[in-house]
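Structure file protein19.txt with compact mmCIF, C-alpha atoms:
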```
# COMPACT_ATOMS: atom_id res chain seq x y z
CA MET A 1 -33.80 88.42 -2.65
CA LEU A 2 -36.60 85.84 -2.43
CA LYS A 3 -39.18 86.47 0.32
CA TYR A 4 -41.10 83.74 2.17
CA ARG A 5 -43.39 83.70 5.16
CA THR A 6 -41.33 81.06 7.03
CA ILE A 7 -38.02 79.25 6.54
CA PHE A 8 -37.08 75.97 8.28
CA LEU A 9 -33.44 74.87 8.61
CA SER A 10 -31.86 72.02 10.52
CA ASP A 11 -28.70 69.94 10.92
CA ILE A 12 -26.24 72.67 9.99
CA HIS A 13 -23.52 71.14 12.22
CA LEU A 14 -21.46 74.28 12.70
CA GLY A 15 -18.08 73.33 14.14
CA THR A 16 -17.51 70.36 11.82
CA PRO A 17 -15.44 70.11 8.63
CA GLY A 18 -18.45 68.76 6.75
CA CYS A 19 -20.62 71.84 7.33
CA GLN A 20 -21.38 73.55 4.02
CA ALA A 21 -21.30 77.00 5.63
CA GLU A 22 -20.50 78.90 2.42
CA LEU A 23 -23.55 77.47 0.67
CA LEU A 24 -25.74 78.21 3.69
CA LEU A 25 -24.46 81.79 3.84
CA ASP A 26 -25.29 82.14 0.15
CA PHE A 27 -28.79 80.83 0.89
CA LEU A 28 -29.31 83.21 3.82
CA ASN A 29 -28.15 86.16 1.75
CA SER A 30 -30.54 85.20 -1.06
CA HIS A 31 -33.68 84.59 1.04
CA GLU A 32 -35.57 86.32 3.80
CA ALA A 33 -38.64 85.45 5.85
CA ASP A 34 -40.82 86.76 8.64
CA SER A 35 -39.97 83.73 10.80
CA TYR A 36 -37.14 81.20 10.94
CA TYR A 37 -37.20 77.83 12.68
CA LEU A 38 -33.79 76.29 13.43
CA VAL A 39 -34.78 72.67 13.92
CA GLY A 40 -31.82 71.25 15.84
CA ASP A 41 -28.15 70.31 15.44
CA ILE A 42 -27.24 73.86 14.50
CA ILE A 43 -23.97 73.57 16.44
CA ASP A 44 -22.22 70.20 16.70
CA ALA A 45 -21.10 70.09 20.34
CA TRP A 46 -20.30 66.37 20.03
CA ARG A 47 -17.54 67.06 17.55
CA ILE A 48 -16.26 70.10 19.43
CA ARG A 49 -16.01 68.15 22.71
CA ARG A 50 -14.30 65.21 21.01
CA LYS A 51 -11.79 66.94 18.76
CA GLY A 52 -11.57 70.51 19.99
CA PHE A 53 -12.81 73.83 18.73
CA LEU A 54 -13.14 74.17 14.96
CA TRP A 55 -14.71 77.45 13.88
CA PRO A 56 -13.73 78.83 10.46
CA GLN A 57 -14.74 82.36 9.51
CA ALA A 58 -17.58 81.04 7.33
CA HIS A 59 -19.18 79.43 10.40
CA ASN A 60 -19.01 82.70 12.28
CA ASP A 61 -20.49 84.48 9.25
CA VAL A 62 -23.50 82.12 9.34
CA VAL A 63 -24.15 82.96 13.00
CA GLN A 64 -23.82 86.67 12.29
CA ALA A 65 -26.21 86.40 9.33
CA ILE A 66 -28.84 84.73 11.52
CA LEU A 67 -28.41 87.29 14.31
CA ALA A 68 -28.68 90.09 11.73
CA LYS A 69 -32.05 88.74 10.59
CA ALA A 70 -33.25 88.71 14.20
CA HIS A 71 -31.98 92.29 14.61
CA ASP A 72 -33.94 93.29 11.50
CA GLY A 73 -37.18 92.03 13.06
CA ALA A 74 -37.47 88.39 12.00
CA ARG A 75 -38.77 85.95 14.61
CA ILE A 76 -36.28 83.12 15.14
CA PHE A 77 -37.00 79.94 17.08
CA LEU A 78 -34.32 77.40 17.99
CA ILE A 79 -35.31 73.81 18.79
CA PRO A 80 -32.16 72.02 20.07
CA GLY A 81 -31.20 68.60 18.73
CA ASN A 82 -29.03 65.81 20.09
CA HIS A 83 -25.77 67.40 18.88
CA ASP A 84 -26.57 70.73 20.53
CA GLU A 85 -28.56 69.33 23.44
CA PHE A 86 -26.68 71.60 25.89
CA LEU A 87 -29.06 74.32 24.71
CA ARG A 88 -31.96 72.41 26.29
CA SER A 89 -30.73 73.85 29.58
CA TYR A 90 -31.87 77.25 28.27
CA LEU A 91 -35.43 76.42 27.20
CA GLY A 92 -37.67 79.48 27.30
CA THR A 93 -34.81 81.94 27.20
CA HIS A 94 -33.93 84.50 24.52
CA PHE A 95 -30.48 85.44 23.28
CA GLY A 96 -29.75 87.80 20.43
CA GLY A 97 -33.43 87.75 19.49
CA ILE A 98 -33.54 83.94 19.26
CA GLU A 99 -36.03 82.00 21.41
CA VAL A 100 -35.07 78.49 22.58
CA LEU A 101 -37.91 75.94 22.65
CA ARG A 102 -38.11 72.19 23.21
CA THR A 103 -40.68 71.88 20.41
CA ALA A 104 -42.79 74.40 18.54
CA ASP A 105 -46.42 74.58 17.46
CA PHE A 106 -46.44 76.08 13.98
CA THR A 107 -49.61 77.16 12.16
CA GLY A 108 -49.30 77.84 8.45
CA ARG A 109 -51.05 80.55 6.51
CA ASP A 110 -53.50 77.87 5.31
CA GLY A 111 -54.48 77.05 8.92
CA ARG A 112 -52.69 73.69 9.09
CA ARG A 113 -50.93 72.97 12.38
CA TYR A 114 -47.51 71.34 12.55
CA LEU A 115 -45.45 69.88 15.37
CA VAL A 116 -41.89 71.17 14.97
CA THR A 117 -39.27 68.95 16.63
CA HIS A 118 -35.72 67.89 15.87
CA GLY A 119 -36.79 64.25 16.13
CA ASP A 120 -33.91 62.65 18.05
CA GLN A 121 -36.24 61.76 20.94
CA PHE A 122 -37.97 59.35 18.57
CA ASP A 123 -34.70 57.67 17.53
CA ALA A 124 -34.25 54.52 19.67
CA VAL A 125 -30.47 54.50 19.09
CA VAL A 126 -30.08 58.04 20.45
CA THR A 127 -32.38 57.56 23.43
CA ASN A 128 -31.49 53.99 24.45
CA ALA A 129 -27.91 53.45 23.29
CA ARG A 130 -26.02 56.73 23.36
CA TRP A 131 -22.64 54.97 23.02
CA LEU A 132 -23.83 53.47 19.75
CA ALA A 133 -25.06 56.85 18.57
CA HIS A 134 -21.61 58.35 19.25
CA LEU A 135 -19.93 55.43 17.47
CA GLY A 136 -22.21 55.95 14.50
CA ASP A 137 -21.38 59.65 14.53
CA ARG A 138 -17.66 58.86 14.25
CA ALA A 139 -18.33 56.49 11.36
CA TYR A 140 -20.41 59.19 9.68
CA GLU A 141 -17.60 61.71 10.16
CA PHE A 142 -15.16 59.28 8.50
CA THR A 143 -17.57 58.85 5.59
CA LEU A 144 -17.70 62.63 5.12
CA TRP A 145 -13.89 62.78 5.17
CA LEU A 146 -13.73 60.05 2.55
CA ASN A 147 -16.41 61.84 0.56
CA THR A 148 -14.32 65.04 0.53
CA TRP A 149 -11.35 63.28 -1.05
CA ALA A 150 -13.56 61.42 -3.53
CA ASN A 151 -15.07 64.71 -4.67
CA ARG A 152 -11.65 66.31 -5.08
CA LEU A 153 -10.79 63.52 -7.52
CA ARG A 154 -14.15 63.90 -9.28
CA HIS A 155 -13.51 67.63 -9.60
CA LEU A 156 -10.20 66.93 -11.37
CA TRP A 157 -12.15 64.88 -13.92
CA GLY A 158 -14.81 67.58 -14.28
CA GLY A 159 -17.43 65.68 -12.28
CA GLN A 160 -20.14 67.22 -10.07
CA TYR A 161 -20.40 66.98 -6.28
CA TRP A 162 -21.56 63.55 -5.10
CA SER A 163 -22.61 62.55 -1.58
CA LEU A 164 -21.23 59.15 -0.60
CA SER A 165 -23.24 59.01 2.63
CA LYS A 166 -26.48 59.94 0.85
CA TRP A 167 -25.83 57.24 -1.74
CA ALA A 168 -25.13 54.68 1.00
CA LYS A 169 -28.37 55.52 2.81
CA HIS A 170 -30.38 54.71 -0.30
CA GLN A 171 -28.45 51.51 -1.04
CA VAL A 172 -28.40 49.85 2.37
CA LYS A 173 -31.71 48.17 3.12
CA GLN A 174 -31.44 48.68 6.89
CA ALA A 175 -30.91 52.42 6.42
CA VAL A 176 -33.92 52.64 4.11
CA ASN A 177 -36.03 50.74 6.65
CA PHE A 178 -34.85 53.01 9.47
CA ILE A 179 -35.79 56.15 7.55
CA SER A 180 -39.22 54.71 6.76
CA GLU A 181 -39.83 53.73 10.38
CA TYR A 182 -38.65 57.14 11.61
CA GLU A 183 -41.08 58.87 9.27
CA ASN A 184 -43.94 56.66 10.44
CA VAL A 185 -43.17 57.24 14.14
CA LEU A 186 -43.00 61.03 13.73
CA SER A 187 -46.23 61.06 11.73
CA ALA A 188 -47.97 58.96 14.38
CA GLU A 189 -46.80 61.38 17.09
CA ALA A 190 -48.24 64.31 15.14
CA ARG A 191 -51.54 62.46 14.73
CA ARG A 192 -51.71 61.76 18.49
CA GLY A 193 -51.18 65.45 19.18
CA GLY A 194 -53.98 66.49 16.85
CA TYR A 195 -51.62 68.08 14.33
CA ASP A 196 -51.97 68.11 10.57
CA GLY A 197 -48.27 67.47 10.08
CA VAL A 198 -44.79 67.31 11.56
CA ILE A 199 -41.63 69.25 10.63
CA CYS A 200 -38.37 67.67 11.75
CA GLY A 201 -34.71 66.99 10.94
CA HIS A 202 -32.17 64.62 12.52
CA ILE A 203 -31.79 61.91 9.86
CA HIS A 204 -30.40 64.12 7.06
CA SER A 205 -33.00 62.90 4.60
CA ALA A 206 -35.06 65.75 3.15
CA ALA A 207 -38.68 64.98 2.25
CA ILE A 208 -42.20 66.30 2.07
CA ARG A 209 -44.77 63.54 1.78
CA ASP A 210 -48.21 62.49 2.94
CA ILE A 211 -48.28 59.58 5.39
CA ASP A 212 -51.83 58.42 6.06
CA GLY A 213 -53.21 61.94 6.02
CA ILE A 214 -50.32 63.51 7.98
CA THR A 215 -47.87 65.79 6.17
CA TYR A 216 -44.37 64.60 7.01
CA VAL A 217 -41.70 67.25 6.44
CA ASN A 218 -37.96 66.75 6.93
CA THR A 219 -35.79 69.79 6.28
CA GLY A 220 -32.70 67.75 5.38
CA ASP A 221 -29.30 69.17 6.33
CA TRP A 222 -26.37 71.42 5.41
CA VAL A 223 -23.73 68.70 5.35
CA GLU A 224 -24.88 66.42 2.55
CA SER A 225 -27.94 67.75 0.76
CA CYS A 226 -27.97 71.50 1.60
CA THR A 227 -31.76 71.76 1.70
CA ALA A 228 -34.35 73.95 3.42
CA VAL A 229 -38.12 74.01 3.68
CA VAL A 230 -39.92 77.29 3.02
CA GLU A 231 -43.52 78.38 3.47
CA ARG A 232 -44.92 80.50 0.67
CA GLU A 233 -47.46 83.24 1.31
CA ASP A 234 -50.30 80.85 0.39
CA GLY A 235 -49.20 78.41 3.12
CA ARG A 236 -47.70 75.83 0.80
CA LEU A 237 -44.48 74.18 2.03
CA ILE A 238 -41.71 73.77 -0.56
CA LEU A 239 -38.43 71.85 -0.32
CA LEU A 240 -35.48 73.81 -1.74
CA ASP A 241 -32.28 72.04 -2.83
CA TRP A 242 -29.75 74.87 -2.67
CA GLU A 243 -26.76 72.75 -3.71
CA ARG A 244 -28.58 71.80 -6.91
CA SER A 245 -29.60 75.42 -7.48
CA ALA A 246 -26.00 76.58 -7.04
CA ARG A 247 -24.79 73.86 -9.43
CA GLU A 248 -27.35 74.91 -12.05
CA ARG A 249 -26.33 78.57 -11.68
CA ARG A 250 -22.68 77.65 -12.21
CA HIS A 251 -23.63 75.61 -15.27
CA ARG A 252 -25.63 78.52 -16.75
CA ALA A 253 -22.75 80.91 -16.05
CA ARG A 254 -20.26 78.62 -17.81
CA ARG A 255 -22.62 78.22 -20.75
CA THR A 256 -23.04 82.02 -20.98
CA ARG A 257 -19.27 82.55 -20.89
CA ARG A 258 -18.74 79.95 -23.63
CA SER A 259 -21.44 81.59 -25.73
CA LYS A 260 -19.86 85.03 -25.34
CA THR A 261 -16.42 83.64 -26.17
CA LYS A 262 -17.74 81.97 -29.32
CA LYS A 263 -19.43 85.20 -30.43
CA LEU A 264 -16.14 87.11 -29.97
CA GLU A 265 -14.26 84.48 -31.92
CA ASN A 266 -16.77 84.66 -34.77
CA ALA A 267 -16.89 88.46 -34.83
```

Kindly return the structure encoded in the file as structure tokens.
Amino acid sequence: MLKYRTIFLSDIHLGTPGCQAELLLDFLNSHEADSYYLVGDIIDAWRIRRKGFLWPQAHNDVVQAILAKAHDGARIFLIPGNHDEFLRSYLGTHFGGIEVLRTADFTGRDGRRYLVTHGDQFDAVVTNARWLAHLGDRAYEFTLWLNTWANRLRHLWGGQYWSLSKWAKHQVKQAVNFISEYENVLSAEARRGGYDGVICGHIHSAAIRDIDGITYVNTGDWVESCTAVVEREDGRLILLDWERSARERRHRARRTRRSKTKKLENA
């Protein structure tokens, strides 16, 4: 079990077929922290309202794992996003040891202050054209469905998991420009508030980078990239790619099994 001072997670999208709940449960069972920040879109109410209730056992296990950490004494803060915006009606309340906040003011062990926000309020499409945001969400859902079938075929050929939507984001110029503008807007907001950095989610594009003296941190998601941001005891923020870690562990396990088999054959 790896121990950190703080863990930041966002864009889990429980209630959707694309949620990588098993990988997240593996991450939660392998890590612990004094504090957890759930930075929006933990539950996907958009999908649930549109297509009905989808809640596999693995999704329930994730919720139970988070509640268990709160029961064991961890501080857990939930900042609602646009997909679970219904929770904004409960700002300031506590349930199961989880505190609901609009935004959070996080101070690291090194004394640096961060604005913690989901980030959808700085997305012009979400705030000014909600119908377009919902249309984009349906297109994204179709891309994830297509990605699932593509990866089933790749698996038959021995290929590794590949994210079609992540690939598209980095190929389409408009998407690249949107991500860059989003990062700049969030960094500017942190600067106006007197913060040293900003920690957000929303766009499913994990990153830790310096933007004109402001530390921009995006936790990524648990649909495409399966990433989290952790704070070490010295205050340093680290981006963890759990899907890559799981893939490397599987590769090492296969290599170990092949090595043992070869030794038995040569004995």

For this session: Mind checking which residues fall within 9 Å of Thr117 of chain A, counting only C-alpha atoms, ignoring those fewer than 3 positions away in the same chain, and posting them as a ChimeraX atom specification?
Result: /A:39-40,79-81,102-104,120-121,198-201

Seminar exercise, completed: Of A:Tyr195, A:Trp222, A:Phe77, A:Trp55, the one nearest to Asp34 of chain A when counting only C-alpha atoms is A:Phe77

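In terms of minimum interatomic distance to Lys69 of chain A, A:Leu28 ranks closest within A:Asn82, A:Glu99, A:Gly108, A:Leu28, counting all atoms listed in the file.
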
Problem set entry | Who sits within 8 Å of Phe106 of chain A, all atoms listed in the file, same chain under 5 positions skipped, as a PyMOL selection string | chain A and resi 113-116

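Each of A:Ser225, A:Thr219, A:Thr6, A:Gln20 was compared to Leu239 of chain A using all atoms listed in the file, and A:Thr219 turns out to be the nearest.
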
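For the set A:Phe86, A:Trp242, A:Trp46, A:Phe122, the residue with the smallest atom-to-atom gap to Ile179 of chain A is A:Phe122, counting only C-alpha atoms.
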
Problem set entry | Pick from A:Glu85, A:Ile43, A:Tyr216, A:Arg247, whichever lies nearest to Val185 of chain A using only C-alpha atoms | A:Tyr216

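Between atom CA of Leu186 of chain A and atom CA of Gly119 of chain A the interatomic distance comes to 7.4 Å.
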
For this session: Pick out the residues sitting within 12 Å of Glu22 of chain A, and hand them over as a VMD selection string; count all atoms listed in the file, and ignore anything fewer than 3 positions along from it in its own chain.
Result: chain A and resid 12 14 17 to 19 25 to 29 56 to 63 65 222 to 223 226 242 to 243 246

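The residue that comes closest to Gly235 of chain A, out of A:Leu23, A:Leu2, A:Ile7, A:Ile66 and on the basis of all atoms listed in the file, is A:Ile7.
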
Using only C-alpha atoms, I'd like a table of the residues in segment 29-69 of chain A that come within 10 Å of segment 229-234 of chain A; for each, show the closest atom pair and its distance in Å rounded to one decimal, ordered by chain and ascending number, as CSV.
```
residue,atom,partner,partner_atom,distance
A:His31,CA,A:Val230,CA,9.8
A:Ala33,CA,A:Val230,CA,8.7
A:Ser35,CA,A:Glu231,CA,9.7
A:Tyr36,CA,A:Val230,CA,9.3
A:Tyr37,CA,A:Val229,CA,9.8
```

Please produce an output containing C-alpha atoms for each residue in the selection, written as a JSON list (two decimals), keeping the file's coordinate frame.
```json
[["chain", "number", "residue", "atom", "x", "y", "z"],
["A", 31, "HIS", "CA", -33.68, 84.59, 1.04],
["A", 33, "ALA", "CA", -38.64, 85.45, 5.85],
["A", 35, "SER", "CA", -39.97, 83.73, 10.80],
["A", 36, "TYR", "CA", -37.14, 81.20, 10.94],
["A", 37, "TYR", "CA", -37.20, 77.83, 12.68]]
```
